[in-house]
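Peer 1: This is the content of target_32.txt (compact mmCIF, C-alpha atoms):
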# COMPACT_ATOMS: atom_id res chain seq x y z
CA MET A 11 12.39 -6.99 39.96
CA ALA A 12 9.84 -6.81 37.18
CA ILE A 13 9.31 -3.99 34.76
CA GLU A 14 6.62 -4.56 32.18
CA VAL A 15 7.57 -3.61 28.64
CA ARG A 16 4.74 -3.30 26.13
CA ILE A 17 5.79 -4.26 22.63
CA PRO A 18 4.18 -2.91 19.43
CA THR A 19 2.91 -5.32 16.78
CA ILE A 20 5.83 -4.74 14.47
CA LEU A 21 8.40 -5.79 17.11
CA ARG A 22 6.61 -8.91 18.33
CA THR A 23 8.68 -11.04 15.97
CA TYR A 24 11.45 -10.55 18.54
CA THR A 25 9.28 -11.65 21.45
CA GLY A 26 7.69 -14.75 20.03
CA GLY A 27 4.49 -12.84 19.42
CA GLU A 28 4.17 -11.60 22.99
CA LYS A 29 2.77 -8.09 23.37
CA SER A 30 4.31 -7.69 26.79
CA VAL A 31 7.59 -8.90 28.24
CA THR A 32 9.32 -8.23 31.55
CA GLY A 33 12.83 -7.12 32.31
CA SER A 34 14.99 -5.47 34.91
CA GLY A 35 17.45 -2.64 35.17
CA SER A 36 17.86 0.67 36.92
CA THR A 37 17.82 2.75 33.74
CA LEU A 38 16.12 2.39 30.38
CA ALA A 39 19.52 1.57 28.85
CA ASP A 40 20.03 -1.29 31.34
CA LEU A 41 16.51 -2.54 30.77
CA LEU A 42 16.97 -2.66 27.00
CA ALA A 43 20.27 -4.49 27.38
CA ASP A 44 18.55 -6.97 29.69
CA LEU A 45 15.69 -7.54 27.22
CA ASP A 46 18.14 -8.08 24.41
CA THR A 47 19.64 -11.10 26.22
CA ARG A 48 16.31 -12.89 25.90
CA HIS A 49 15.05 -11.22 22.73
CA PRO A 50 18.11 -10.70 20.51
CA GLY A 51 17.76 -7.89 17.99
CA LEU A 52 14.99 -6.09 19.87
CA ARG A 53 17.25 -3.43 21.31
CA GLU A 54 18.67 -2.52 17.90
CA ARG A 55 15.16 -1.66 16.67
CA ILE A 56 14.84 0.91 19.45
CA VAL A 57 18.40 2.25 19.76
CA ASP A 58 21.09 2.99 17.20
CA ASP A 59 24.68 4.20 17.58
CA LYS A 60 23.40 7.74 18.25
CA GLY A 61 20.91 6.74 20.95
CA LEU A 62 17.14 6.33 20.83
CA ARG A 63 15.92 6.02 17.26
CA ARG A 64 14.16 9.15 16.07
CA PHE A 65 10.92 7.52 14.96
CA VAL A 66 10.49 5.10 17.86
CA ASN A 67 8.76 6.48 20.94
CA VAL A 68 9.54 5.04 24.36
CA TYR A 69 7.52 5.94 27.43
CA VAL A 70 8.08 5.23 31.10
CA ASN A 71 4.60 5.12 32.55
CA ASP A 72 2.95 8.15 30.90
CA GLU A 73 6.02 10.13 29.88
CA ASP A 74 7.96 10.12 26.63
CA VAL A 75 11.57 9.50 27.76
CA ARG A 76 12.75 12.26 25.41
CA PHE A 77 11.30 14.62 28.01
CA LEU A 78 12.92 12.73 30.86
CA ALA A 79 16.51 11.54 30.63
CA GLY A 80 16.43 9.53 27.42
CA LEU A 81 18.30 6.26 27.79
CA ASP A 82 19.43 7.33 31.28
CA THR A 83 15.83 7.57 32.49
CA PRO A 84 15.58 5.65 35.75
CA VAL A 85 13.16 2.74 35.86
CA LYS A 86 12.02 0.70 38.84
CA ASP A 87 9.95 -2.29 39.81
CA GLY A 88 6.32 -1.75 38.92
CA ASP A 89 6.98 0.74 36.11
CA THR A 90 5.51 0.14 32.68
CA VAL A 91 7.64 0.94 29.66
CA THR A 92 5.77 1.28 26.35
CA VAL A 93 7.37 1.22 22.91
CA LEU A 94 5.41 2.74 20.02
CA PRO A 95 6.77 3.39 16.55
CA ALA A 96 6.01 6.94 15.49
CA VAL A 97 3.09 7.36 13.12
CA ALA A 98 4.65 9.67 10.58
CA GLY A 99 5.34 10.20 6.94
CA GLY A 100 5.54 12.78 4.22
CA MET B 13 -9.77 -4.20 -0.48
CA LEU B 14 -10.82 -1.44 1.88
CA VAL B 15 -14.52 -1.33 2.78
CA ILE B 16 -15.43 1.98 4.36
CA ASP B 17 -18.71 3.67 5.06
CA LYS B 18 -19.62 6.95 3.44
CA SER B 19 -19.71 9.01 6.61
CA ILE B 20 -16.17 8.04 7.53
CA TYR B 21 -14.93 8.50 3.97
CA ASP B 22 -16.46 12.00 4.00
CA ALA B 23 -14.98 12.77 7.40
CA ILE B 24 -11.46 11.87 6.21
CA VAL B 25 -11.79 14.03 3.07
CA ALA B 26 -13.22 16.93 5.09
CA HIS B 27 -10.34 16.72 7.56
CA ALA B 28 -7.80 16.78 4.73
CA ARG B 29 -9.48 19.80 3.13
CA ARG B 30 -9.74 21.63 6.45
CA ASP B 31 -6.03 21.23 7.25
CA HIS B 32 -4.83 22.08 3.73
CA PRO B 33 -2.15 23.34 3.06
CA ASP B 34 -0.77 21.29 5.95
CA GLU B 35 -0.92 17.52 5.83
CA ALA B 36 -3.80 16.07 7.83
CA CYS B 37 -3.52 12.72 9.60
CA GLY B 38 -5.47 10.32 11.75
CA VAL B 39 -6.75 6.80 12.19
CA VAL B 40 -10.00 4.93 11.94
CA ALA B 41 -10.08 2.32 14.68
CA GLY B 42 -12.04 -0.90 14.66
CA PRO B 43 -12.30 -4.12 16.69
CA VAL B 44 -9.08 -6.17 16.57
CA GLY B 45 -9.17 -8.61 13.69
CA SER B 46 -12.44 -7.27 12.26
CA ASP B 47 -11.00 -5.18 9.41
CA ARG B 48 -13.95 -2.82 10.03
CA PRO B 49 -13.00 0.84 10.29
CA VAL B 50 -15.73 2.19 12.55
CA ARG B 51 -14.32 4.86 14.84
CA PHE B 52 -12.93 7.97 13.20
CA VAL B 53 -10.07 9.57 15.17
CA PRO B 54 -8.57 12.66 13.53
CA MET B 55 -5.18 13.49 15.00
CA THR B 56 -3.12 16.65 15.25
CA ASN B 57 -0.18 16.81 12.89
CA ALA B 58 2.55 17.83 15.34
CA ALA B 59 4.79 18.73 12.40
CA ARG B 60 2.20 21.16 10.99
CA SER B 61 3.84 20.91 7.62
CA PRO B 62 2.70 20.80 4.00
CA THR B 63 5.09 17.93 3.37
CA PHE B 64 5.37 15.93 6.61
CA TYR B 65 3.12 14.56 9.32
CA GLU B 66 3.73 13.03 12.70
CA PHE B 67 1.37 12.22 15.54
CA ASP B 68 2.41 14.04 18.73
CA SER B 69 4.02 11.42 20.99
CA ALA B 70 1.68 12.02 23.95
CA ASP B 71 -1.37 11.85 21.67
CA LEU B 72 0.00 8.62 20.21
CA LEU B 73 0.27 6.99 23.65
CA ARG B 74 -3.22 8.11 24.59
CA LEU B 75 -4.62 6.78 21.32
CA TYR B 76 -2.98 3.36 21.65
CA ARG B 77 -3.99 3.01 25.29
CA GLU B 78 -7.56 3.90 24.40
CA MET B 79 -7.64 1.42 21.52
CA ASP B 80 -6.16 -1.24 23.79
CA GLU B 81 -8.85 -0.65 26.42
CA ARG B 82 -11.55 -0.83 23.76
CA GLY B 83 -10.15 -3.93 22.08
CA GLU B 84 -9.38 -1.99 18.92
CA GLU B 85 -6.56 -1.61 16.46
CA PRO B 86 -5.88 1.04 13.82
CA VAL B 87 -7.71 -0.32 10.76
CA ILE B 88 -6.99 2.78 8.68
CA ILE B 89 -4.07 5.15 9.07
CA TYR B 90 -4.70 8.14 6.84
CA HIS B 91 -2.88 11.28 5.83
CA SER B 92 -3.04 13.80 3.06
CA HIS B 93 -0.65 15.03 0.42
CA THR B 94 -1.18 18.68 -0.37
CA ALA B 95 0.67 19.07 -3.65
CA THR B 96 1.38 15.58 -4.89
CA GLU B 97 -0.59 12.50 -5.80
CA ALA B 98 -2.35 10.27 -3.30
CA TYR B 99 0.40 7.66 -3.38
CA PRO B 100 2.77 6.70 -0.54
CA SER B 101 6.07 8.56 -0.66
CA ARG B 102 9.39 6.89 0.20
CA THR B 103 9.07 8.44 3.66
CA ASP B 104 5.57 7.01 4.06
CA VAL B 105 6.88 3.57 3.18
CA SER B 106 9.89 3.68 5.45
CA TYR B 107 7.88 4.78 8.49
CA ALA B 108 4.86 2.52 7.99
CA SER B 109 4.83 0.37 11.10
CA GLU B 110 1.35 -1.17 11.26
CA PRO B 111 1.41 -4.16 8.90
CA ASN B 112 -2.31 -4.85 9.31
CA ALA B 113 -3.49 -1.32 8.56
CA HIS B 114 -4.92 0.13 5.38
CA TYR B 115 -2.84 3.19 4.56
CA VAL B 116 -5.20 5.77 3.08
CA LEU B 117 -3.83 8.70 1.15
CA VAL B 118 -5.93 11.71 0.23
CA SER B 119 -4.58 14.38 -2.09
CA THR B 120 -5.81 17.94 -1.68
CA ARG B 121 -3.77 19.32 -4.57
CA ASP B 122 -6.92 20.05 -6.55
CA PRO B 123 -9.83 21.68 -4.69
CA ASP B 124 -12.36 20.31 -7.17
CA THR B 125 -11.26 16.69 -7.27
CA VAL B 126 -11.18 14.05 -4.54
CA GLU B 127 -8.23 11.68 -4.73
CA PHE B 128 -8.71 8.96 -2.10
CA ARG B 129 -6.65 5.79 -2.44
CA SER B 130 -5.76 2.94 -0.15
CA PHE B 131 -2.64 0.79 0.16
CA ARG B 132 -1.10 -2.01 2.13
CA ILE B 133 2.47 -1.30 3.16
CA VAL B 134 4.26 -4.37 4.49
CA ASP B 135 8.03 -4.84 4.79
CA GLY B 136 8.71 -1.86 2.53
CA SER B 137 6.38 -3.10 -0.18
CA VAL B 138 3.37 -1.07 -1.38
CA THR B 139 0.25 -2.67 -2.85
CA GLU B 140 -2.69 -0.54 -3.91
CA GLU B 141 -6.14 -1.91 -3.15
CA GLU B 142 -9.69 -1.18 -4.18
CA VAL B 143 -11.73 1.20 -2.04
CA ARG B 144 -15.38 0.31 -1.65
CA VAL B 145 -17.52 3.02 -0.10
CA VAL B 146 -20.76 1.66 1.38
CA PRO B 147 -23.75 3.53 2.79
CA ALA B 148 -23.41 1.89 6.22
CA LEU B 149 -20.76 -0.52 7.40
CA ASP B 150 -22.57 -2.54 10.03
CA VAL B 151 -25.10 -4.30 7.80
CA ASN B 152 -24.02 -7.75 8.93
CA SER B 153 -22.84 -6.85 12.41
CA GLU B 154 -24.19 -8.99 15.19
CA THR B 155 -23.92 -6.07 17.58
CA ARG B 156 -26.18 -3.83 15.52
CA ASN B 157 -29.28 -2.68 17.36
CA SER B 158 -32.44 -3.27 15.38
Let's see the structure in the file written out as structure tokens.
Peer 2:
Amino acid sequence: MAIEVRIPTILRTYTGGEKSVTGSGSTLADLLADLDTRHPGLRERIVDDKGLRRFVNVYVNDEDVRFLAGLDTPVKDGDTVTVLPAVAGG
Amino acid sequence: MLVIDKSIYDAIVAHARRDHPDEACGVVAGPVGSDRPVRFVPMTNAARSPTFYEFDSADLLRLYREMDERGEEPVIIYHSHTATEAYPSRTDVSYASEPNAHYVLVSTRDPDTVEFRSFRIVDGSVTEEEVRVVPALDVNSETRNS
């Protein structure tokens, strides 16, 4: 099974500079846990003890997972997951 | 140093003035690695607030996909402050996530004065840089049509 995960510039230190990595899992939570076994620390930049971090956006294909099922969003072979830090400030 | 052409500089200031008293925000995209801000992309501030800005998450995805397809990156990420100086706030610093971008701040607190400043924000550290406004950016571009 291969799910492509697109990694933003600021998180490529966890992927050896790669802008795309692959992983597997049946939910986003599983996928992130899987990625973390090969890219330690990556998951913690996306998830904290309350769930998905507020200012990190995660999409499965074209949808922000906040409008799907969050960390329980199902993922499958051939899906593309994109991580984009929010562009925000005050 | 930020080198920016006059038409884009003017477009950023005009956007900030137009959205006042809400914060305005957007990017200026350019070819990856070029440090040339050539494509002005004003964005909607989903927060619609005088003290906070955030790109709508669907707009953000569309923007990044488009830049990816065009071989671009965000050379400038700009936003305005409507009552305070054109200097990154603590919030601006903690959310800055594009280490290669020039973070441009425009203040619209005074209708008669333009405050336009640029900064690098890397690993929580802010460094102001000179802004050089030029009449046209592509003077030395090999892709320029003559």
Peer 1: Could you write out as a list in words the residues of chain A within 6 Å of chain B, counting only C-alpha atoms?
Peer 2: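 Written out as asked, the residues are Val97, Ala98, Gly99 and Gly100 of chain A.
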Peer 1: Can you pull out the residues contacting stretch 42-44 of chain A? Cut-off 10 Å, using all atoms listed in the file, and skip same-chain residues under 3 positions away; I want them as a ChimeraX atom specification.
Peer 2: /A:15,32-35,37-39,47-50,52-54,56-57,81
Peer 1: List as a PyMOL selection string: which residues have an atom within 12 Å of (-1.3, -6.8, 18.1), counting all atoms listed in the file?
Peer 2: (chain A and resi 16-23+27-30+94) or (chain B and resi 43-45+76+79-80+83-87+109-113)
Peer 1: Atom CA of A:Thr92 and atom CA of B:Ala41 are how many Å apart?
Peer 2: 19.7 Å
Peer 1: Quick one, how far is atom CA of A:Arg64 from atom CA of A:Ala12?
Peer 2: 26.8 Å
Peer 1: So which residues touch A:Thr90 within 9 Å, counting all atoms listed in the file, skipping near sequence neighbours fewer than 3 positions away, as a PDB file with C-alpha atoms, in the frame of the given file?
Peer 2:
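Result went into around-v3.pdb, see below:
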ATOM      1  CA  ILE A  13       9.310  -3.990  34.760  1.00  0.00           C
ATOM      2  CA  GLU A  14       6.620  -4.560  32.180  1.00  0.00           C
ATOM      3  CA  VAL A  15       7.570  -3.610  28.640  1.00  0.00           C
ATOM      4  CA  ARG A  16       4.740  -3.300  26.130  1.00  0.00           C
ATOM      5  CA  TYR A  69       7.520   5.940  27.430  1.00  0.00           C
ATOM      6  CA  VAL A  70       8.080   5.230  31.100  1.00  0.00           C
ATOM      7  CA  ASN A  71       4.600   5.120  32.550  1.00  0.00           C
ATOM      8  CA  ASP A  72       2.950   8.150  30.900  1.00  0.00           C
ATOM      9  CA  VAL A  85      13.160   2.740  35.860  1.00  0.00           C
ATOM     10  CA  LYS A  86      12.020   0.700  38.840  1.00  0.00           C
ATOM     11  CA  ASP A  87       9.950  -2.290  39.810  1.00  0.00           C
TER      12      ASP A  87
END
Peer 1: Record the distance separating atom CA of B:Val116 and atom CA of B:Pro54, expressed in Å with one decimal.
Peer 2: 13.0 Å
Peer 1: Which of these residues is nearest to B:Val15, using only C-alpha atoms: B:Thr96, B:Thr56, B:Thr125, B:Ser130?
Peer 2: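 For B:Val15, the nearest of the candidates is B:Ser130.
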Peer 1: Just want the 8 Å neighbourhood of stretch 29-32 of chain B, counted on only C-alpha atoms, with same-chain residues fewer than 2 positions away dropped. Output as a list in words.
Peer 2: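 Non-adjacent residues within range: Val25, Ala26, His27, Asp34, Glu35, Ala36, Pro62, Thr94 and Thr120 of chain B.
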Peer 1: Let me make sure I understand: among A:Tyr24, A:Asn67, A:Pro84, A:Ala79, which one has the smallest atom-to-atom distance to A:Gly51 if we use all atoms listed in the file?
Peer 2: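 Result for the nearest residue to A:Gly51: A:Tyr24.
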Peer 1: Ranking A:Met11, A:Leu45, A:Val75, A:Val93 by minimum distance to A:Val31 and counting all atoms listed in the file, which one comes first?
Peer 2: A:Leu45
